[in-house]
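See below for start_5.txt, which holds compact mmCIF, C-alpha atoms.
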```txt
# COMPACT_ATOMS: atom_id res chain seq x y z
CA MET A 1 -57.74 33.21 19.78
CA GLY A 2 -57.69 36.46 21.72
CA SER A 3 -58.21 38.06 25.11
CA LEU A 4 -61.18 39.84 26.65
CA PRO A 5 -60.72 43.62 26.95
CA VAL A 6 -59.91 44.96 30.41
CA PRO A 7 -59.24 48.50 31.73
CA SER A 8 -55.73 49.94 31.69
CA VAL A 9 -54.10 49.54 35.11
CA GLN A 10 -51.80 52.47 34.39
CA ALA A 11 -54.83 54.70 33.73
CA LEU A 12 -56.50 53.38 36.90
CA VAL A 13 -53.47 54.31 39.01
CA GLU A 14 -53.18 57.74 37.40
CA ALA A 15 -56.87 58.43 38.09
CA THR A 16 -57.05 57.15 41.67
CA GLY A 17 -53.50 57.33 42.96
CA GLY A 18 -53.41 53.54 43.22
CA ASP A 19 -54.54 53.33 46.84
CA ASP A 20 -57.84 51.60 46.06
CA VAL A 21 -57.39 48.26 44.30
CA PRO A 22 -60.47 46.79 42.59
CA PRO A 23 -61.40 43.30 43.87
CA ARG A 24 -60.56 41.56 40.57
CA TYR A 25 -56.87 42.38 41.13
CA LEU A 26 -56.65 41.32 44.77
CA ARG A 27 -54.93 38.00 45.38
CA PRO A 28 -54.31 37.66 49.12
CA ASP A 29 -53.13 34.07 48.62
CA ALA A 30 -50.10 35.37 46.70
CA ALA A 31 -48.73 36.99 49.85
CA GLU A 32 -48.81 33.65 51.64
CA GLU A 33 -46.51 31.89 49.16
CA ALA A 34 -42.94 31.43 50.36
CA VAL A 35 -40.22 33.67 48.91
CA THR A 36 -36.56 32.80 49.42
CA GLY A 37 -33.41 34.79 48.90
CA ASP A 38 -34.87 38.23 49.66
CA GLY A 39 -33.30 39.55 46.48
CA ASP A 40 -29.94 37.79 46.99
CA GLY A 41 -30.85 34.86 44.77
CA GLU A 42 -29.05 36.34 41.80
CA ALA A 43 -25.80 34.72 42.94
CA GLN A 44 -27.41 31.32 42.37
CA ILE A 45 -28.81 32.02 38.90
CA PRO A 46 -26.29 30.66 36.39
CA ILE A 47 -24.45 33.29 34.36
CA ILE A 48 -23.41 32.29 30.83
CA ASP A 49 -20.90 34.20 28.71
CA HIS A 50 -22.18 34.35 25.12
CA ARG A 51 -18.83 35.40 23.70
CA ARG A 52 -17.17 32.31 25.14
CA LEU A 53 -19.96 30.11 23.77
CA LEU A 54 -19.32 31.43 20.26
CA LEU A 55 -15.63 30.61 20.61
CA GLU A 56 -16.58 27.04 21.53
CA LEU A 57 -18.97 26.43 18.61
CA ASP A 58 -16.81 23.81 16.93
CA HIS A 59 -15.66 22.06 20.08
CA GLY A 60 -17.16 21.58 23.50
CA GLY A 61 -15.80 23.64 26.36
CA GLU A 62 -16.41 24.80 29.89
CA GLU A 63 -18.96 27.46 28.91
CA SER A 64 -20.97 25.00 26.80
CA ALA A 65 -20.97 22.55 29.71
CA ARG A 66 -22.09 25.35 32.04
CA LEU A 67 -24.97 26.16 29.67
CA HIS A 68 -25.98 22.48 29.54
CA ARG A 69 -26.14 22.28 33.34
CA ALA A 70 -28.13 25.53 33.53
CA CYS A 71 -30.70 24.16 31.08
CA GLN A 72 -30.97 20.86 32.93
CA ASP A 73 -30.94 22.13 36.51
CA TRP A 74 -32.42 25.62 36.33
CA GLY A 75 -34.23 26.33 33.07
CA PHE A 76 -33.13 29.95 33.60
CA PHE A 77 -29.83 31.74 33.17
CA GLN A 78 -28.43 35.22 32.61
CA LEU A 79 -26.55 35.81 29.35
CA VAL A 80 -23.70 38.33 29.42
CA ASN A 81 -21.41 39.56 26.63
CA HIS A 82 -24.11 38.93 24.03
CA SER A 83 -23.93 40.28 20.50
CA VAL A 84 -26.80 42.80 20.58
CA PRO A 85 -25.16 46.24 20.26
CA ASP A 86 -25.38 48.46 23.34
CA ASP A 87 -26.92 51.33 21.37
CA VAL A 88 -29.72 49.06 20.12
CA VAL A 89 -30.44 47.83 23.65
CA GLU A 90 -30.47 51.34 25.11
CA SER A 91 -32.67 52.68 22.29
CA MET A 92 -35.14 49.84 22.85
CA LYS A 93 -35.33 50.70 26.55
CA VAL A 94 -35.90 54.40 25.86
CA ASN A 95 -38.61 53.74 23.26
CA ILE A 96 -40.52 51.39 25.55
CA GLN A 97 -40.40 53.88 28.42
CA GLN A 98 -41.53 56.71 26.15
CA PHE A 99 -44.39 54.65 24.72
CA PHE A 100 -45.89 53.96 28.13
CA GLN A 101 -45.49 57.64 29.04
CA LEU A 102 -47.77 58.65 26.14
CA PRO A 103 -51.28 59.92 26.91
CA ALA A 104 -53.87 57.15 27.30
CA GLU A 105 -55.73 58.25 24.17
CA THR A 106 -52.56 57.97 22.10
CA LYS A 107 -51.81 54.46 23.32
CA LYS A 108 -55.40 53.42 22.56
CA ARG A 109 -54.66 53.96 18.86
CA PHE A 110 -52.70 50.71 19.06
CA ALA A 111 -55.22 48.81 21.19
CA GLN A 112 -55.96 45.14 20.61
CA GLU A 113 -58.97 44.33 18.47
CA ARG A 114 -61.51 41.75 19.61
CA GLY A 115 -60.28 38.24 18.99
CA GLN A 116 -56.72 39.40 18.30
CA LEU A 117 -53.54 39.06 20.35
CA GLU A 118 -51.50 41.92 18.96
CA GLY A 119 -51.62 45.45 20.26
CA TYR A 120 -51.87 47.39 23.51
CA GLY A 121 -53.94 45.76 26.25
CA GLN A 122 -53.69 42.44 28.08
CA LEU A 123 -53.47 38.70 27.35
CA PHE A 124 -54.93 35.49 28.78
CA VAL A 125 -58.18 37.08 30.01
CA VAL A 126 -60.70 34.36 29.15
CA SER A 127 -63.59 35.06 31.54
CA GLU A 128 -65.33 38.03 33.14
CA ASP A 129 -64.65 36.85 36.68
CA GLN A 130 -61.03 35.66 36.64
CA LYS A 131 -58.41 37.51 38.65
CA LEU A 132 -56.43 40.10 36.68
CA ASP A 133 -52.75 40.96 36.53
CA TRP A 134 -51.58 44.37 37.75
CA ALA A 135 -50.05 45.32 34.41
CA ASP A 136 -50.53 46.67 30.90
CA MET A 137 -48.66 45.35 27.90
CA LEU A 138 -47.95 45.82 24.20
CA PHE A 139 -47.77 42.56 22.25
CA LEU A 140 -46.31 42.45 18.73
CA TYR A 141 -45.15 39.89 16.18
CA ALA A 142 -41.80 40.80 14.63
CA GLN A 143 -40.55 37.73 12.72
CA PRO A 144 -40.86 36.67 10.03
CA PRO A 145 -41.31 40.23 8.70
CA GLU A 146 -44.42 39.39 6.65
CA ARG A 147 -46.23 38.46 9.88
CA ARG A 148 -45.97 42.01 11.23
CA LYS A 149 -49.17 44.00 11.57
CA THR A 150 -47.67 47.44 11.52
CA LYS A 151 -50.93 49.16 12.47
CA PHE A 152 -50.18 47.92 15.98
CA TRP A 153 -46.55 49.08 15.85
CA PRO A 154 -46.50 52.52 17.51
CA ASP A 155 -45.39 55.43 15.35
CA GLN A 156 -44.76 57.33 18.58
CA PRO A 157 -42.03 57.60 19.73
CA ALA A 158 -40.78 58.33 16.22
CA THR A 159 -37.94 55.79 16.41
CA PHE A 160 -40.00 52.95 17.92
CA ARG A 161 -40.52 50.95 14.71
CA SER A 162 -36.97 51.23 13.39
CA THR A 163 -35.54 50.39 16.82
CA LEU A 164 -37.74 47.32 17.26
CA ASP A 165 -36.78 46.17 13.75
CA ARG A 166 -33.06 46.30 14.62
CA TYR A 167 -33.56 44.82 18.07
CA SER A 168 -35.68 41.99 16.69
CA GLY A 169 -33.05 40.78 14.23
CA ALA A 170 -30.19 41.04 16.71
CA VAL A 171 -32.04 39.17 19.45
CA LYS A 172 -33.12 36.41 17.06
CA ASP A 173 -29.48 35.89 16.10
CA VAL A 174 -28.66 35.37 19.79
CA SER A 175 -31.54 32.92 20.21
CA ASP A 176 -30.50 30.93 17.13
CA SER A 177 -26.90 30.65 18.35
CA LEU A 178 -28.06 29.46 21.79
CA LEU A 179 -30.32 26.82 20.22
CA ALA A 180 -27.40 25.59 18.10
CA THR A 181 -25.19 25.16 21.17
CA MET A 182 -28.01 23.51 23.11
CA ALA A 183 -28.53 20.99 20.29
CA LYS A 184 -24.82 20.16 20.31
CA ASN A 185 -24.90 19.77 24.08
CA LEU A 186 -27.71 17.23 23.65
CA GLY A 187 -25.61 15.16 21.25
CA LEU A 188 -27.45 16.42 18.17
CA LYS A 189 -26.25 18.19 15.07
CA ARG A 190 -26.06 21.94 15.69
CA GLU A 191 -28.70 22.61 13.03
CA THR A 192 -31.26 20.07 14.34
CA ILE A 193 -33.35 22.66 16.20
CA ALA A 194 -32.15 25.76 14.31
CA ASP A 195 -33.36 24.30 10.98
CA LYS A 196 -36.88 24.32 12.42
CA CYS A 197 -36.54 28.05 13.10
CA ILE A 198 -35.26 29.44 9.77
CA ARG A 199 -38.61 31.19 9.29
CA GLY A 200 -39.33 30.98 12.99
CA MET A 201 -41.84 33.24 14.69
CA GLN A 202 -40.72 35.88 17.12
CA SER A 203 -43.04 37.96 19.28
CA PHE A 204 -42.51 40.66 21.87
CA ARG A 205 -44.35 41.43 25.06
CA MET A 206 -43.52 44.86 26.48
CA ASN A 207 -44.66 45.03 30.08
CA TYR A 208 -45.63 47.99 32.24
CA TYR A 209 -46.20 47.21 35.92
CA PRO A 210 -47.56 50.28 37.77
CA PRO A 211 -46.74 50.75 41.45
CA CYS A 212 -49.38 49.50 43.85
CA ALA A 213 -49.91 50.55 47.47
CA GLN A 214 -51.09 47.00 48.17
CA ALA A 215 -48.25 45.39 46.20
CA GLU A 216 -48.20 42.29 48.39
CA ARG A 217 -51.85 41.56 47.48
CA VAL A 218 -51.58 41.79 43.68
CA VAL A 219 -49.56 39.98 41.00
CA GLY A 220 -47.94 41.68 38.02
CA LEU A 221 -47.87 38.54 35.87
CA SER A 222 -49.53 35.29 36.92
CA PRO A 223 -47.35 32.23 37.56
CA HIS A 224 -46.74 30.36 34.30
CA SER A 225 -44.18 28.77 32.04
CA ASP A 226 -43.64 30.14 28.52
CA ALA A 227 -45.08 28.22 25.57
CA ASN A 228 -42.24 28.90 23.13
CA LEU A 229 -38.71 27.51 22.66
CA LEU A 230 -36.60 30.25 24.21
CA THR A 231 -37.38 33.61 25.86
CA LEU A 232 -34.92 36.49 26.21
CA VAL A 233 -35.99 39.14 28.73
CA LEU A 234 -34.51 42.63 28.97
CA GLN A 235 -35.00 44.63 32.15
CA VAL A 236 -35.96 48.14 30.98
CA ASN A 237 -35.58 50.05 34.24
CA HIS A 238 -33.98 49.42 37.62
CA VAL A 239 -37.01 48.02 39.44
CA GLN A 240 -36.90 44.25 39.98
CA GLY A 241 -39.86 41.89 40.05
CA LEU A 242 -39.13 38.60 38.28
CA GLN A 243 -39.32 35.50 40.48
CA ILE A 244 -38.80 31.84 39.54
CA LYS A 245 -40.19 28.73 41.23
CA ARG A 246 -37.29 26.88 42.83
CA ASN A 247 -37.64 23.99 45.27
CA GLY A 248 -41.23 24.89 46.02
CA SER A 249 -40.75 28.60 46.78
CA TRP A 250 -40.26 31.81 44.83
CA LEU A 251 -36.70 32.98 44.17
CA PRO A 252 -36.22 36.67 43.22
CA VAL A 253 -33.95 37.30 40.24
CA LYS A 254 -31.74 40.38 40.21
CA PRO A 255 -30.72 41.14 36.61
CA VAL A 256 -27.01 41.49 35.92
CA PRO A 257 -26.40 44.86 34.19
CA GLY A 258 -26.36 44.42 30.43
CA ALA A 259 -27.54 40.79 30.56
CA PHE A 260 -30.51 39.02 29.05
CA ILE A 261 -32.47 36.75 31.36
CA VAL A 262 -33.04 33.61 29.28
CA ASN A 263 -35.49 30.82 30.03
CA ILE A 264 -36.43 27.49 28.52
CA GLY A 265 -39.96 27.34 27.10
CA ASP A 266 -42.50 24.52 26.97
CA MET A 267 -41.71 23.71 23.33
CA LEU A 268 -38.05 23.11 24.12
CA GLU A 269 -39.06 20.86 27.02
CA VAL A 270 -41.21 18.89 24.58
CA PHE A 271 -38.52 18.81 21.86
CA THR A 272 -35.95 17.46 24.36
CA ASN A 273 -38.46 14.98 25.85
CA GLY A 274 -37.97 16.56 29.27
CA ARG A 275 -34.18 16.80 29.33
CA TYR A 276 -34.48 20.59 29.48
CA ARG A 277 -37.44 21.87 31.49
CA SER A 278 -39.44 25.05 31.37
CA ILE A 279 -39.73 26.74 34.75
CA GLU A 280 -42.70 28.41 36.39
CA HIS A 281 -42.16 32.12 36.98
CA ARG A 282 -44.12 35.25 37.86
CA ALA A 283 -43.74 39.00 38.20
CA VAL A 284 -44.45 40.97 41.37
CA VAL A 285 -44.87 44.73 41.61
CA ASP A 286 -43.30 47.49 43.65
CA PRO A 287 -45.29 49.63 46.11
CA LYS A 288 -43.71 52.90 44.97
CA GLU A 289 -42.15 52.57 41.53
CA GLU A 290 -43.17 51.35 38.10
CA ARG A 291 -41.37 48.40 36.53
CA LEU A 292 -40.82 47.82 32.80
CA SER A 293 -39.45 44.86 30.87
CA VAL A 294 -39.57 43.38 27.38
CA ALA A 295 -39.67 39.67 26.60
CA ALA A 296 -38.72 38.26 23.19
CA PHE A 297 -40.34 34.88 22.51
CA HIS A 298 -38.84 32.57 19.88
CA PHE A 299 -40.78 29.83 18.11
CA PRO A 300 -40.19 27.34 15.29
CA ASP A 301 -41.54 27.83 11.77
CA MET A 302 -45.33 27.93 11.43
CA ASP A 303 -45.41 24.50 9.73
CA ALA A 304 -43.32 22.83 12.45
CA MET A 305 -44.63 19.89 14.46
CA ILE A 306 -44.19 20.22 18.22
CA GLY A 307 -43.21 16.87 19.70
CA PRO A 308 -40.19 14.99 21.06
CA LEU A 309 -37.32 14.98 18.57
CA LYS A 310 -36.94 11.52 17.02
CA GLU A 311 -33.16 11.85 17.33
CA LEU A 312 -33.59 11.82 21.12
CA THR A 313 -36.28 9.17 21.50
CA ALA A 314 -34.87 6.25 19.49
CA GLN A 315 -34.40 4.26 22.69
CA GLU A 316 -37.05 5.80 24.94
CA ASP A 317 -40.77 6.48 24.94
CA ASP A 318 -42.17 9.86 24.03
CA ALA A 319 -43.23 11.69 27.18
CA TYR A 320 -45.31 14.29 25.30
CA LYS A 321 -47.91 14.46 22.54
CA THR A 322 -47.08 15.82 19.10
CA LEU A 323 -49.17 18.72 17.78
CA ASP A 324 -48.86 21.17 14.91
CA LEU A 325 -47.69 24.61 16.03
CA GLU A 326 -50.98 26.35 15.28
CA SER A 327 -52.98 23.92 17.46
CA PHE A 328 -50.38 24.17 20.22
CA MET A 329 -50.64 27.98 20.30
CA LYS A 330 -54.44 28.09 20.08
CA ILE A 331 -54.68 25.93 23.20
CA PHE A 332 -52.07 28.02 25.02
CA PHE A 333 -53.67 31.42 24.36
CA ALA A 334 -57.22 30.18 24.99
CA THR A 335 -56.56 29.48 28.67
CA LYS A 336 -55.57 31.67 31.59
CA LEU A 337 -52.01 31.52 32.88
CA GLU A 338 -51.90 28.93 35.64
CA GLY A 339 -48.50 27.45 36.49
CA LYS A 340 -47.47 24.61 34.18
CA SER A 341 -51.02 23.33 33.74
CA PHE A 342 -50.82 23.84 29.98
CA LEU A 343 -47.74 21.63 29.58
CA ASP A 344 -49.29 19.04 31.88
CA ARG A 345 -51.99 18.55 29.24
CA MET A 346 -49.25 17.77 26.67
CA LYS A 347 -47.89 14.86 28.70
CA LEU A 348 -48.73 11.33 27.60
CA ASN A 349 -48.50 9.76 31.06
```
If you convert what's in this file into structure tokens, what do you get?
Amino acid sequence: MGSLPVPSVQALVEATGGDDVPPRYLRPDAAEEAVTGDGDGEAQIPIIDHRRLLLELDHGGEESARLHRACQDWGFFQLVNHSVPDDVVESMKVNIQQFFQLPAETKKRFAQERGQLEGYGQLFVVSEDQKLDWADMLFLYAQPPERRKTKFWPDQPATFRSTLDRYSGAVKDVSDSLLATMAKNLGLKRETIADKCIRGMQSFRMNYYPPCAQAERVVGLSPHSDANLLTLVLQVNHVQGLQIKRNGSWLPVKPVPGAFIVNIGDMLEVFTNGRYRSIEHRAVVDPKEERLSVAAFHFPDMDAMIGPLKELTAQEDDAYKTLDLESFMKIFFATKLEGKSFLDRMKLN
């Protein structure tokens, strides 16, 4: 399980000015896909108030119902008034920006090793001729703590490790509380899903999308759905680029200041037997400015089985296979990102 090494796009842009785009990055077909909203789609993305959800934990309410509809109809929502302290969020942003500003040789100290996922580089590169994303990234495991490989955790900037440690715990608390409310909304006990995540895995993908003079002909992150249960994305700077597939076309998402963009992952679709659905999404790049973001991916415990929850399928057929988590993840990371093709292979019919 790993990714083939590829050159740094950031270094390529710094060396050439970004005017000449190597053929492996060019995707002229991407420009032909329909985009709706022209950046005004944010009004349609559901906004959920985390503080109100917490007040409704013991009894259903309007905010819980709003979350349920967002998970059923959208698979994406923006979470405001969450419990991650502002100083932790701002420090995380600063540390990510400063890391990608480091000299190339310094960043290479944390480069991925062959056959490994963690570190500075790229993911889902499985052949020498596939098209590449216009991005660099830093991928790290953060939870449970014993899974951390700190040699890949940058020691520059000096506060990077301590900040990520604080951010990791605070974001996992938010994810756990959302999963508890989602379970209740599905008619389950609050702990039904959360109990599978007590020692749940959490990983981070910190993304750097350089500007590109031919932005309309490249893709920052290939269309895909996330493999995990729940993803919480933080926009690091002001440049937008996230788009979701909605009614057959791409809808730009404009982040609400201070919000997390949350999306349902493939595992949650499987757990709920399709009641909640993961949504295809992608990242595009800007012609003049860099874009940065960080995604926190939340998974069940390593010994969890990934399949429809028996509490939901007593009177219906399973729509998906059941696999152990390790097998599920090996299949996911061994293939290139390509829409929801991975989840399609999990379906029984």
Hey, what's within 10 Å of A:Val6 if we count only C-alpha atoms and toss same-chain stuff fewer than 4 positions away? As a PDB file with C-alpha atoms, keeping the file's coordinate frame, please?
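The new file result-v1.pdb reads:
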```pdb
ATOM      1  CA  GLY A 121     -53.940  45.760  26.250  1.00  0.00           C
ATOM      2  CA  GLN A 122     -53.690  42.440  28.080  1.00  0.00           C
ATOM      3  CA  LEU A 123     -53.470  38.700  27.350  1.00  0.00           C
ATOM      4  CA  VAL A 125     -58.180  37.080  30.010  1.00  0.00           C
ATOM      5  CA  GLU A 128     -65.330  38.030  33.140  1.00  0.00           C
ATOM      6  CA  LEU A 132     -56.430  40.100  36.680  1.00  0.00           C
ATOM      7  CA  ASP A 136     -50.530  46.670  30.900  1.00  0.00           C
TER       8      ASP A 136
END
```
#### Entry: Residue nearest A:Met305 - candidates A:Gln130, A:Lys321, A:Thr163, A:Thr36, atoms counted: all atoms listed in the file
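Between A:Gln130, A:Lys321, A:Thr163, A:Thr36, the residue approaching A:Met305 most closely is A:Lys321.
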#### Entry: Counting only C-alpha atoms, the option among A:Leu323, A:Ala314, A:Met182, A:Val88 closest to A:Ala65
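Among A:Leu323, A:Ala314, A:Met182, A:Val88, it is A:Met182 that comes nearest to A:Ala65.
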### Query
Can you tell me how far atom CA of A:Leu102 sits from atom CA of A:Pro257, in Å to one decimal?
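Between these atoms lies a distance of 26.7 Å.
Minimum atom-to-atom distances from A:Leu325, A:Val171, A:Ala213, A:Leu221 to A:Gly18 were compared using all atoms listed in the file, and the lowest value belongs to A:Ala213.
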### Message
Applying 12 Å and only C-alpha atoms, which residues near A:Ala158 remain after dropping the ones on its own chain fewer than 4 positions away? List them as a list of chain:residue names.
### Response
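Near A:Ala158, the qualifying residues are A:Ser91, A:Val94, A:Asn95, A:Ile96, A:Gln98, A:Phe99, A:Trp153, A:Pro154, A:Ser162, A:Thr163, A:Leu164.
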### Query
How many Å separate atom CA of A:Phe299 from atom CA of A:Ala135?
24.3 Å
Each residue of stretch 103-161 of chain A with at least one atom at most 10 Å from stretch 195-210 of chain A should appear once, together with its nearest atom pair and the corresponding distance in Å (one decimal); atoms considered: all atoms listed in the file; ordering: chain, then increasing residue number; output as JSON lines.
```
{"residue": "A:Glu118", "atom": "CA", "partner": "A:Ser203", "partner_atom": "CA", "distance": 9.3}
{"residue": "A:Gly119", "atom": "CA", "partner": "A:Arg205", "partner_atom": "CA", "distance": 9.6}
{"residue": "A:Tyr120", "atom": "CA", "partner": "A:Met206", "partner_atom": "CA", "distance": 9.2}
{"residue": "A:Gln122", "atom": "CA", "partner": "A:Asn207", "partner_atom": "CA", "distance": 9.6}
{"residue": "A:Leu123", "atom": "CA", "partner": "A:Arg205", "partner_atom": "CA", "distance": 9.8}
{"residue": "A:Asp133", "atom": "CA", "partner": "A:Tyr209", "partner_atom": "CA", "distance": 9.1}
{"residue": "A:Trp134", "atom": "CA", "partner": "A:Tyr209", "partner_atom": "CA", "distance": 6.4}
{"residue": "A:Ala135", "atom": "CA", "partner": "A:Tyr209", "partner_atom": "CA", "distance": 4.5}
{"residue": "A:Asp136", "atom": "CA", "partner": "A:Tyr208", "partner_atom": "CA", "distance": 5.2}
{"residue": "A:Met137", "atom": "CA", "partner": "A:Asn207", "partner_atom": "CA", "distance": 4.6}
{"residue": "A:Leu138", "atom": "CA", "partner": "A:Met206", "partner_atom": "CA", "distance": 5.1}
{"residue": "A:Phe139", "atom": "CA", "partner": "A:Arg205", "partner_atom": "CA", "distance": 4.6}
{"residue": "A:Leu140", "atom": "CA", "partner": "A:Phe204", "partner_atom": "CA", "distance": 5.2}
{"residue": "A:Tyr141", "atom": "CA", "partner": "A:Ser203", "partner_atom": "CA", "distance": 4.2}
{"residue": "A:Ala142", "atom": "CA", "partner": "A:Ser203", "partner_atom": "CA", "distance": 5.6}
{"residue": "A:Gln143", "atom": "CA", "partner": "A:Gln202", "partner_atom": "CA", "distance": 4.8}
{"residue": "A:Pro144", "atom": "CA", "partner": "A:Met201", "partner_atom": "CA", "distance": 5.9}
{"residue": "A:Pro145", "atom": "CA", "partner": "A:Met201", "partner_atom": "CA", "distance": 9.2}
{"residue": "A:Arg147", "atom": "CA", "partner": "A:Met201", "partner_atom": "CA", "distance": 8.3}
{"residue": "A:Arg148", "atom": "CA", "partner": "A:Ser203", "partner_atom": "CA", "distance": 9.5}
```
### Query
What does the distance from atom CA of A:Glu269 to atom CA of A:Arg27 come to in Å, to one decimal?
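Between these atoms lies a distance of 29.7 Å.
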Six-sided padding of 3 Å per side, axis-aligned box over stretch 134-151 of chain A, centre and edges in Å, one decimal, as JSON:
```
{"center_x": -46.1, "center_y": 42.9, "center_z": 22.2, "size_x": 17.0, "size_y": 18.5, "size_z": 37.1}
```
### Query
At a cut-off of 8 Å from (-31.3, 26.0, 38.4) in the coordinates of the file, what residues are picked up using all atoms listed in the file, written as a list of chain:residue names?
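Those within range, by chain then number, are A:Gln44, A:Ile45, A:Pro46, A:Ala70, A:Cys71, A:Gln72, A:Asp73, A:Trp74, A:Gly75, A:Phe76, A:Phe77, A:Arg246.
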#### Entry: Among the residues A:Val218, A:Val21, A:Ala183, A:Ala170, the one that comes closest to A:Leu312 [using all atoms listed in the file]
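Under the stated criterion, the closest residue is A:Ala183.
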### Message
I want to know what sits within 10 Å of A:Arg291, based on all atoms listed in the file, with residues of the same chain fewer than 2 positions away left out; could you give that as a list in words?
### Response
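Here the qualifying residues turn out to be Gln97, Ala135, Asn207, Tyr208, Tyr209, Pro210, Pro211, Gly220, Gln235, Val236, Asn237, His238, Val239, Gln240, Gly241, Ala283, Val284, Val285, Asp286, Lys288, Glu289 and Ser293 of chain A.
Take the candidates A:Gly169, A:Asn349, A:Asp301, A:Ala295 and check each one against A:Asp317 using only C-alpha atoms; the shortest distance goes to A:Asn349.
Distance annotation: of A:Lys310, A:Arg282, A:Lys151, A:Lys330, the residue with the minimal separation from A:Pro252 is A:Arg282; atom set is all atoms listed in the file.
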### Task
Find the spatial neighbours of A:Ser225, counting all atoms listed in the file, within a cut-off of 12 Å - ignore same-chain residues fewer than 5 positions away - and output them as a VMD selection string.
chain A and resid 75 to 76 230 to 231 243 to 245 263 to 269 277 to 283 297 332 336 to 344
